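With PDB, C-alpha atoms and all ligand atoms inside, this is input-v1.pdb:
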MODEL        1
ATOM      1  CA  MET N   6      68.168 106.927 109.151  1.00  0.00           C
ATOM      2  CA  LYS N   7      71.161 106.787 106.799  1.00  0.00           C
ATOM      3  CA  ARG N   8      71.118 104.131 104.091  1.00  0.00           C
ATOM      4  CA  ILE N   9      74.037 102.207 102.621  1.00  0.00           C
ATOM      5  CA  ALA N  10      74.150 100.129  99.447  1.00  0.00           C
ATOM      6  CA  LEU N  11      76.973  97.581  99.396  1.00  0.00           C
ATOM      7  CA  PHE N  12      78.460  96.450  96.077  1.00  0.00           C
ATOM      8  CA  ALA N  13      80.449  93.226  96.333  1.00  0.00           C
ATOM      9  CA  SER N  14      81.408  90.377  94.040  1.00  0.00           C
ATOM     10  CA  GLY N  15      83.749  88.279  96.175  1.00  0.00           C
ATOM     11  CA  SER N  16      83.706  86.391  99.417  1.00  0.00           C
ATOM     12  CA  GLY N  17      82.174  89.328 101.282  1.00  0.00           C
ATOM     13  CA  SER N  18      84.366  89.329 104.373  1.00  0.00           C
ATOM     14  CA  ASN N  19      84.539  93.130 104.355  1.00  0.00           C
ATOM     15  CA  ALA N  20      80.803  93.419 103.803  1.00  0.00           C
ATOM     16  CA  GLU N  21      80.258  91.152 106.796  1.00  0.00           C
ATOM     17  CA  LYS N  22      82.565  93.197 109.035  1.00  0.00           C
ATOM     18  CA  ILE N  23      80.768  96.375 107.988  1.00  0.00           C
ATOM     19  CA  ALA N  24      77.381  94.799 108.726  1.00  0.00           C
ATOM     20  CA  ALA N  25      78.552  93.602 112.141  1.00  0.00           C
ATOM     21  CA  TYR N  26      79.875  97.055 113.013  1.00  0.00           C
ATOM     22  CA  LEU N  27      76.700  98.793 111.861  1.00  0.00           C
ATOM     23  CA  ALA N  28      74.499  96.379 113.799  1.00  0.00           C
ATOM     24  CA  ASN N  29      75.424  98.483 116.835  1.00  0.00           C
ATOM     25  CA  GLN N  30      74.569 101.770 115.108  1.00  0.00           C
ATOM     26  CA  SER N  31      70.825 102.198 114.999  1.00  0.00           C
ATOM     27  CA  GLU N  32      70.995 105.246 112.732  1.00  0.00           C
ATOM     28  CA  ILE N  33      72.675 103.452 109.773  1.00  0.00           C
ATOM     29  CA  THR N  34      71.158 100.581 107.807  1.00  0.00           C
ATOM     30  CA  ILE N  35      72.319  98.440 104.870  1.00  0.00           C
ATOM     31  CA  SER N  36      69.465  98.663 102.365  1.00  0.00           C
ATOM     32  CA  PHE N  37      70.785  95.948 100.062  1.00  0.00           C
ATOM     33  CA  VAL N  38      73.785  94.194  98.600  1.00  0.00           C
ATOM     34  CA  LEU N  39      74.344  94.476  94.856  1.00  0.00           C
ATOM     35  CA  SER N  40      76.443  91.966  92.981  1.00  0.00           C
ATOM     36  CA  ASN N  41      77.298  90.967  89.441  1.00  0.00           C
ATOM     37  CA  ASN N  42      78.410  87.511  90.565  1.00  0.00           C
ATOM     38  CA  PRO N  43      75.703  84.956  91.341  1.00  0.00           C
ATOM     39  CA  LYS N  44      78.365  82.699  92.878  1.00  0.00           C
ATOM     40  CA  ALA N  45      79.828  85.342  95.190  1.00  0.00           C
ATOM     41  CA  GLY N  46      80.241  84.299  98.813  1.00  0.00           C
ATOM     42  CA  VAL N  47      78.787  87.634  99.833  1.00  0.00           C
ATOM     43  CA  ILE N  48      75.344  86.455  98.703  1.00  0.00           C
ATOM     44  CA  ASP N  49      75.151  83.633 101.224  1.00  0.00           C
ATOM     45  CA  ARG N  50      76.520  85.895 103.909  1.00  0.00           C
ATOM     46  CA  ALA N  51      73.878  88.548 103.160  1.00  0.00           C
ATOM     47  CA  ARG N  52      71.076  85.990 103.147  1.00  0.00           C
ATOM     48  CA  ARG N  53      72.232  84.816 106.561  1.00  0.00           C
ATOM     49  CA  GLY N  54      71.974  88.416 107.713  1.00  0.00           C
ATOM     50  CA  PHE N  55      75.780  88.638 107.857  1.00  0.00           C
ATOM     51  CA  ASN N  56      75.504  86.901 111.224  1.00  0.00           C
ATOM     52  CA  ALA N  57      74.657  90.320 112.548  1.00  0.00           C
ATOM     53  CA  GLY N  58      70.910  90.480 112.618  1.00  0.00           C
ATOM     54  CA  GLN N  59      68.595  91.203 109.757  1.00  0.00           C
ATOM     55  CA  HIS N  60      68.447  89.530 106.402  1.00  0.00           C
ATOM     56  CA  VAL N  61      69.824  91.926 103.778  1.00  0.00           C
ATOM     57  CA  PRO N  62      68.223  91.765 100.303  1.00  0.00           C
ATOM     58  CA  VAL N  63      70.561  90.900  97.425  1.00  0.00           C
ATOM     59  CA  ILE N  64      70.190  92.381  93.955  1.00  0.00           C
ATOM     60  CA  LEU N  65      72.002  90.639  91.129  1.00  0.00           C
ATOM     61  CA  PHE N  66      72.666  92.407  87.858  1.00  0.00           C
ATOM     62  CA  ASP N  67      74.517  91.691  84.643  1.00  0.00           C
ATOM     63  CA  ARG N  68      76.935  93.764  82.608  1.00  0.00           C
ATOM     64  CA  LYS N  69      74.315  94.960  80.146  1.00  0.00           C
ATOM     65  CA  THR N  70      71.996  96.228  82.882  1.00  0.00           C
ATOM     66  CA  PHE N  71      74.880  97.936  84.660  1.00  0.00           C
ATOM     67  CA  TYR N  72      76.475  99.671  81.704  1.00  0.00           C
ATOM     68  CA  GLU N  73      73.635 100.097  79.223  1.00  0.00           C
ATOM     69  CA  THR N  74      70.669 101.047  81.403  1.00  0.00           C
ATOM     70  CA  GLU N  75      69.954 103.466  84.239  1.00  0.00           C
ATOM     71  CA  ARG N  76      68.267 100.772  86.324  1.00  0.00           C
ATOM     72  CA  ILE N  77      70.876 100.505  89.074  1.00  0.00           C
ATOM     73  CA  THR N  78      71.286 104.276  89.376  1.00  0.00           C
ATOM     74  CA  GLN N  79      67.511 104.677  89.540  1.00  0.00           C
ATOM     75  CA  LEU N  80      67.199 101.997  92.198  1.00  0.00           C
ATOM     76  CA  LEU N  81      69.819 103.722  94.339  1.00  0.00           C
ATOM     77  CA  ARG N  82      68.002 107.044  93.893  1.00  0.00           C
ATOM     78  CA  ASP N  83      64.586 105.557  94.655  1.00  0.00           C
ATOM     79  CA  GLN N  84      65.892 104.014  97.874  1.00  0.00           C
ATOM     80  CA  GLU N  85      67.512 107.347  98.849  1.00  0.00           C
ATOM     81  CA  ILE N  86      70.915 105.752  99.366  1.00  0.00           C
ATOM     82  CA  ASP N  87      73.297 108.024 101.291  1.00  0.00           C
ATOM     83  CA  LEU N  88      76.517 106.086 100.721  1.00  0.00           C
ATOM     84  CA  ILE N  89      77.541 103.443  98.185  1.00  0.00           C
ATOM     85  CA  VAL N  90      80.213 101.168  99.611  1.00  0.00           C
ATOM     86  CA  LEU N  91      82.306  98.975  97.306  1.00  0.00           C
ATOM     87  CA  ALA N  92      83.648  95.996  99.230  1.00  0.00           C
ATOM     88  CA  GLY N  93      85.434  93.733  96.785  1.00  0.00           C
ATOM     89  CA  PHE N  94      83.547  94.981  93.726  1.00  0.00           C
ATOM     90  CA  MET N  95      85.748  94.704  90.634  1.00  0.00           C
ATOM     91  CA  TRP N  96      83.832  96.460  87.830  1.00  0.00           C
ATOM     92  CA  LEU N  97      84.384 100.098  86.949  1.00  0.00           C
ATOM     93  CA  MET N  98      81.479 102.264  88.114  1.00  0.00           C
ATOM     94  CA  PRO N  99      79.633 103.746  85.105  1.00  0.00           C
ATOM     95  CA  ALA N 100      80.056 107.509  84.624  1.00  0.00           C
ATOM     96  CA  GLY N 101      76.319 108.155  85.025  1.00  0.00           C
ATOM     97  CA  LEU N 102      76.261 106.458  88.413  1.00  0.00           C
ATOM     98  CA  VAL N 103      79.360 108.330  89.601  1.00  0.00           C
ATOM     99  CA  GLN N 104      77.813 111.636  88.510  1.00  0.00           C
ATOM    100  CA  ALA N 105      74.516 110.822  90.234  1.00  0.00           C
ATOM    101  CA  PHE N 106      76.298 110.213  93.560  1.00  0.00           C
ATOM    102  CA  PRO N 107      79.138 112.737  93.817  1.00  0.00           C
ATOM    103  CA  ASN N 108      81.433 111.965  96.774  1.00  0.00           C
ATOM    104  CA  LYS N 109      79.006 109.286  97.894  1.00  0.00           C
ATOM    105  CA  ILE N 110      80.813 106.228  96.535  1.00  0.00           C
ATOM    106  CA  VAL N 111      83.751 104.735  98.433  1.00  0.00           C
ATOM    107  CA  ASN N 112      86.036 101.810  97.694  1.00  0.00           C
ATOM    108  CA  ILE N 113      88.683  99.867  99.533  1.00  0.00           C
ATOM    109  CA  HIS N 114      91.827  98.881  97.671  1.00  0.00           C
ATOM    110  CA  PRO N 115      94.294  96.340  99.109  1.00  0.00           C
ATOM    111  CA  ALA N 116      97.457  98.410  98.571  1.00  0.00           C
ATOM    112  CA  LEU N 117      98.861 101.856  99.163  1.00  0.00           C
ATOM    113  CA  LEU N 118      97.533 103.831  96.198  1.00  0.00           C
ATOM    114  CA  PRO N 119      98.666 105.339  93.889  1.00  0.00           C
ATOM    115  CA  LYS N 120     100.945 102.302  93.794  1.00  0.00           C
ATOM    116  CA  PHE N 121      99.510  98.992  92.592  1.00  0.00           C
ATOM    117  CA  GLY N 122      96.181 100.329  91.356  1.00  0.00           C
ATOM    118  CA  GLY N 123      94.405 100.465  88.016  1.00  0.00           C
ATOM    119  CA  LYS N 124      92.646  98.020  85.737  1.00  0.00           C
ATOM    120  CA  GLY N 125      93.445  94.394  86.508  1.00  0.00           C
ATOM    121  CA  MET N 126      94.886  95.257  89.912  1.00  0.00           C
ATOM    122  CA  TYR N 127      92.592  93.528  92.340  1.00  0.00           C
ATOM    123  CA  GLY N 128      92.697  90.796  94.939  1.00  0.00           C
ATOM    124  CA  HIS N 129      95.690  88.473  94.731  1.00  0.00           C
ATOM    125  CA  PHE N 130      97.141  90.252  91.654  1.00  0.00           C
ATOM    126  CA  VAL N 131      97.856  93.229  93.879  1.00  0.00           C
ATOM    127  CA  HIS N 132      99.715  91.212  96.516  1.00  0.00           C
ATOM    128  CA  GLU N 133     101.695  89.322  93.873  1.00  0.00           C
ATOM    129  CA  ALA N 134     102.782  92.624  92.330  1.00  0.00           C
ATOM    130  CA  VAL N 135     103.765  94.036  95.729  1.00  0.00           C
ATOM    131  CA  VAL N 136     105.979  91.025  96.487  1.00  0.00           C
ATOM    132  CA  ALA N 137     107.455  90.959  92.948  1.00  0.00           C
ATOM    133  CA  ALA N 138     108.398  94.633  93.302  1.00  0.00           C
ATOM    134  CA  GLY N 139     110.239  93.957  96.566  1.00  0.00           C
ATOM    135  CA  GLU N 140     108.143  96.444  98.507  1.00  0.00           C
ATOM    136  CA  THR N 141     108.880  96.765 102.214  1.00  0.00           C
ATOM    137  CA  GLU N 142     105.333  97.856 103.037  1.00  0.00           C
ATOM    138  CA  SER N 143     101.807  97.509 101.768  1.00  0.00           C
ATOM    139  CA  GLY N 144      98.441  98.368 103.225  1.00  0.00           C
ATOM    140  CA  ILE N 145      94.966  99.616 102.450  1.00  0.00           C
ATOM    141  CA  THR N 146      93.516 102.668 100.774  1.00  0.00           C
ATOM    142  CA  ILE N 147      89.943 103.811 101.298  1.00  0.00           C
ATOM    143  CA  HIS N 148      89.046 106.343  98.632  1.00  0.00           C
ATOM    144  CA  TYR N 149      86.207 108.076  96.837  1.00  0.00           C
ATOM    145  CA  VAL N 150      85.323 106.555  93.494  1.00  0.00           C
ATOM    146  CA  ASN N 151      85.420 108.383  90.200  1.00  0.00           C
ATOM    147  CA  GLU N 152      85.194 107.185  86.579  1.00  0.00           C
ATOM    148  CA  HIS N 153      88.739 105.781  86.651  1.00  0.00           C
ATOM    149  CA  TYR N 154      90.010 102.724  88.467  1.00  0.00           C
ATOM    150  CA  ASP N 155      91.519 103.584  91.867  1.00  0.00           C
ATOM    151  CA  GLU N 156      92.010 107.294  91.178  1.00  0.00           C
ATOM    152  CA  GLY N 157      89.491 109.065  93.414  1.00  0.00           C
ATOM    153  CA  GLN N 158      90.471 111.182  96.394  1.00  0.00           C
ATOM    154  CA  ILE N 159      92.075 109.231  99.223  1.00  0.00           C
ATOM    155  CA  ILE N 160      90.155 109.233 102.514  1.00  0.00           C
ATOM    156  CA  PHE N 161      92.285 106.925 104.674  1.00  0.00           C
ATOM    157  CA  GLN N 162      95.373 104.714 104.434  1.00  0.00           C
ATOM    158  CA  ALA N 163      96.975 102.251 106.843  1.00  0.00           C
ATOM    159  CA  SER N 164     100.138 100.289 106.234  1.00  0.00           C
ATOM    160  CA  CYS N 165     101.778  97.027 107.252  1.00  0.00           C
ATOM    161  CA  ALA N 166     105.346  95.812 106.839  1.00  0.00           C
ATOM    162  CA  VAL N 167     106.277  93.368 104.089  1.00  0.00           C
ATOM    163  CA  ALA N 168     109.219  91.119 105.011  1.00  0.00           C
ATOM    164  CA  PRO N 169     111.547  89.829 102.254  1.00  0.00           C
ATOM    165  CA  THR N 170     110.335  86.305 103.050  1.00  0.00           C
ATOM    166  CA  ASP N 171     106.618  87.164 102.843  1.00  0.00           C
ATOM    167  CA  SER N 172     104.553  85.403 100.183  1.00  0.00           C
ATOM    168  CA  PRO N 173     101.612  87.144  98.467  1.00  0.00           C
ATOM    169  CA  GLU N 174      99.355  85.100 100.782  1.00  0.00           C
ATOM    170  CA  ASP N 175     101.173  86.506 103.829  1.00  0.00           C
ATOM    171  CA  VAL N 176     100.702  90.033 102.531  1.00  0.00           C
ATOM    172  CA  ALA N 177      97.037  89.332 101.761  1.00  0.00           C
ATOM    173  CA  ARG N 178      96.475  88.148 105.313  1.00  0.00           C
ATOM    174  CA  ASN N 179      98.093  91.202 106.868  1.00  0.00           C
ATOM    175  CA  VAL N 180      96.239  93.554 104.542  1.00  0.00           C
ATOM    176  CA  GLN N 181      92.924  91.866 105.307  1.00  0.00           C
ATOM    177  CA  VAL N 182      93.453  92.477 109.029  1.00  0.00           C
ATOM    178  CA  LEU N 183      93.783  96.193 108.254  1.00  0.00           C
ATOM    179  CA  GLU N 184      90.699  96.137 106.019  1.00  0.00           C
ATOM    180  CA  HIS N 185      88.522  94.544 108.668  1.00  0.00           C
ATOM    181  CA  GLU N 186      89.881  96.833 111.355  1.00  0.00           C
ATOM    182  CA  HIS N 187      89.376 100.124 109.527  1.00  0.00           C
ATOM    183  CA  TYR N 188      86.778  99.947 106.750  1.00  0.00           C
ATOM    184  CA  PRO N 189      83.688  99.613 108.994  1.00  0.00           C
ATOM    185  CA  ARG N 190      84.740 102.539 111.169  1.00  0.00           C
ATOM    186  CA  VAL N 191      85.602 104.807 108.227  1.00  0.00           C
ATOM    187  CA  VAL N 192      82.268 104.009 106.547  1.00  0.00           C
ATOM    188  CA  ALA N 193      80.388 104.874 109.743  1.00  0.00           C
ATOM    189  CA  GLU N 194      82.373 108.099 110.151  1.00  0.00           C
ATOM    190  CA  LEU N 195      81.516 109.194 106.611  1.00  0.00           C
ATOM    191  CA  LEU N 196      77.843 109.023 107.568  1.00  0.00           C
ATOM    192  CA  ALA N 197      78.185 110.725 110.950  1.00  0.00           C
TER     193      ALA N 197
HETATM  194  C1  LIG P 201      89.468  92.991  99.439  1.00  0.00           C
HETATM  195  O1  LIG P 201      90.789  92.690  99.760  1.00  0.00           O
HETATM  196  C2  LIG P 201      89.406  94.314  98.705  1.00  0.00           C
HETATM  197  O2  LIG P 201      90.367  95.221  99.126  1.00  0.00           O
HETATM  198  C3  LIG P 201      89.660  93.872  97.305  1.00  0.00           C
HETATM  199  O3  LIG P 201      88.920  92.692  97.160  1.00  0.00           O
HETATM  200  C4  LIG P 201      88.923  92.002  98.406  1.00  0.00           C
HETATM  201  C5  LIG P 201      87.515  91.545  98.716  1.00  0.00           C
HETATM  202  O4  LIG P 201      87.507  90.694  99.811  1.00  0.00           O
HETATM  203  N1  LIG P 201      89.263  94.885  96.360  1.00  0.00           N
HETATM  204  C6  LIG P 201      89.953  95.158  95.251  1.00  0.00           C
HETATM  205  O5  LIG P 201      90.939  94.536  94.915  1.00  0.00           O
HETATM  206  C7  LIG P 201      89.394  96.317  94.431  1.00  0.00           C
HETATM  207  N2  LIG P 201      90.310  96.694  93.401  1.00  0.00           N
HETATM  208  P1  LIG P 201      86.159  90.317 100.542  1.00  0.00           P
HETATM  209  O6  LIG P 201      85.185  89.844  99.465  1.00  0.00           O
HETATM  210  O7  LIG P 201      86.523  89.200 101.480  1.00  0.00           O
HETATM  211  O8  LIG P 201      85.648  91.528 101.258  1.00  0.00           O
ENDMDL
END
Could you show the structure in this file as structure tokens?
Ligand code: GAR
Amino acid sequence: MKRIALFASGSGSNAEKIAAYLANQSEITISFVLSNNPKAGVIDRARRGFNAGQHVPVILFDRKTFYETERITQLLRDQEIDLIVLAGFMWLMPAGLVQAFPNKIVNIHPALLPKFGGKGMYGHFVHEAVVAAGETESGITIHYVNEHYDEGQIIFQASCAVAPTDSPEDVARNVQVLEHEHYPRVVAELLA
């Protein structure tokens, strides 16, 4: 059995798609969801079992625990986690955690890296920047995570057109379709 830990601090739509996809794969399980945001939509989704079967435990942590203790790294080690999946998690991963799980942490970014990445570039800020720059395409990047925001090795990209009349909300919608289509499959393939 391969074990995934999902880090998420937003609505959790990607986490839910991943859970639904993995519900059909008996050899991969989601051990728990970790979040820094007690109000994150992902928490309710996880407690409902992501509408895909089993209840998934949620672990909430604060900044001090994450950056000043080894507790999260130790938990991931103790549970023998094979892959850490960031699905809308906005905090930088601490160096100790990255070093403890080399090439075992993946993230999805809602743009075509290396463009529109880095600190502060998340969620709607990304789509606003894409439209402001007059880009003709955007997309998704699934990449390994290192100690720097959005700089790890790229695993997969997919793109969508951006029309001159598109609003950031239009771009967000098109990018989300790509995220839901590809992230679950790529995660499963990394564990194959
Ligand atoms: C996704 O669009 C993801 O790419 C983005 O947050 C959203 C989370 O949505 N991540 C980043 O911007 C990371 N820099 P979700 O909570 O509905 O899955």
(message) Around ligand LIG 201 (chain P), which protein and nucleic acid residues have at least one atom no more than 7 Å from it, if we count all atoms listed in the file? List them as a list in words.
(response) Ala13, Ser14, Gly15, Ser16, Gly17, Ser18, Asn19, Ala20, Val47, Ala92, Gly93, Phe94, Met95, Ile113, His114, Pro115, Met126, Tyr127, Gly128, Gln181 and Glu184 of chain N
(request) Have a look at N:Gly144, N:Pro169, N:Pro189, N:Pro43 and name the one nearest to Ile9 of chain N; count only C-alpha atoms. (result) N:Pro189
Report as JSON the centre and the edge lengths, in Å to one decimal, of the axis-aligned box holding every listed atom of segment 23-35 of chain N, padded by 6 Å on each side.
{"center_x": 75.8, "center_y": 99.4, "center_z": 110.9, "size_x": 21.9, "size_y": 23.6, "size_z": 24.0}
(message) Could you check the closest approach to Ala177 of chain N for each of N:Val131, N:Ala57, N:Ile159, N:Ala138 and tell me which residue wins, using only C-alpha atoms?
(response)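 Result for the nearest residue to Ala177 of chain N: N:Val131.
Here the PyMOL selection byres (((chain N and resi 71) around 12) and not hetatm) matches the residues Leu39, Ser40, Asn41, Ile64, Leu65, Phe66, Asp67, Arg68, Lys69, Thr70, Tyr72, Glu73, Thr74, Glu75, Arg76, Ile77, Thr78, Gln79, Leu80, Trp96, Leu97, Met98, Pro99, Ala100, Gly101 and Leu102 of chain N.
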(request) Determine the nearest neighbour of Ala28 of chain N from the options N:His60, N:Arg178, N:His132, N:His148, counting only C-alpha atoms. (result)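 Looking only at the distances to Ala28 of chain N, the closest residue turns out to be N:His60.
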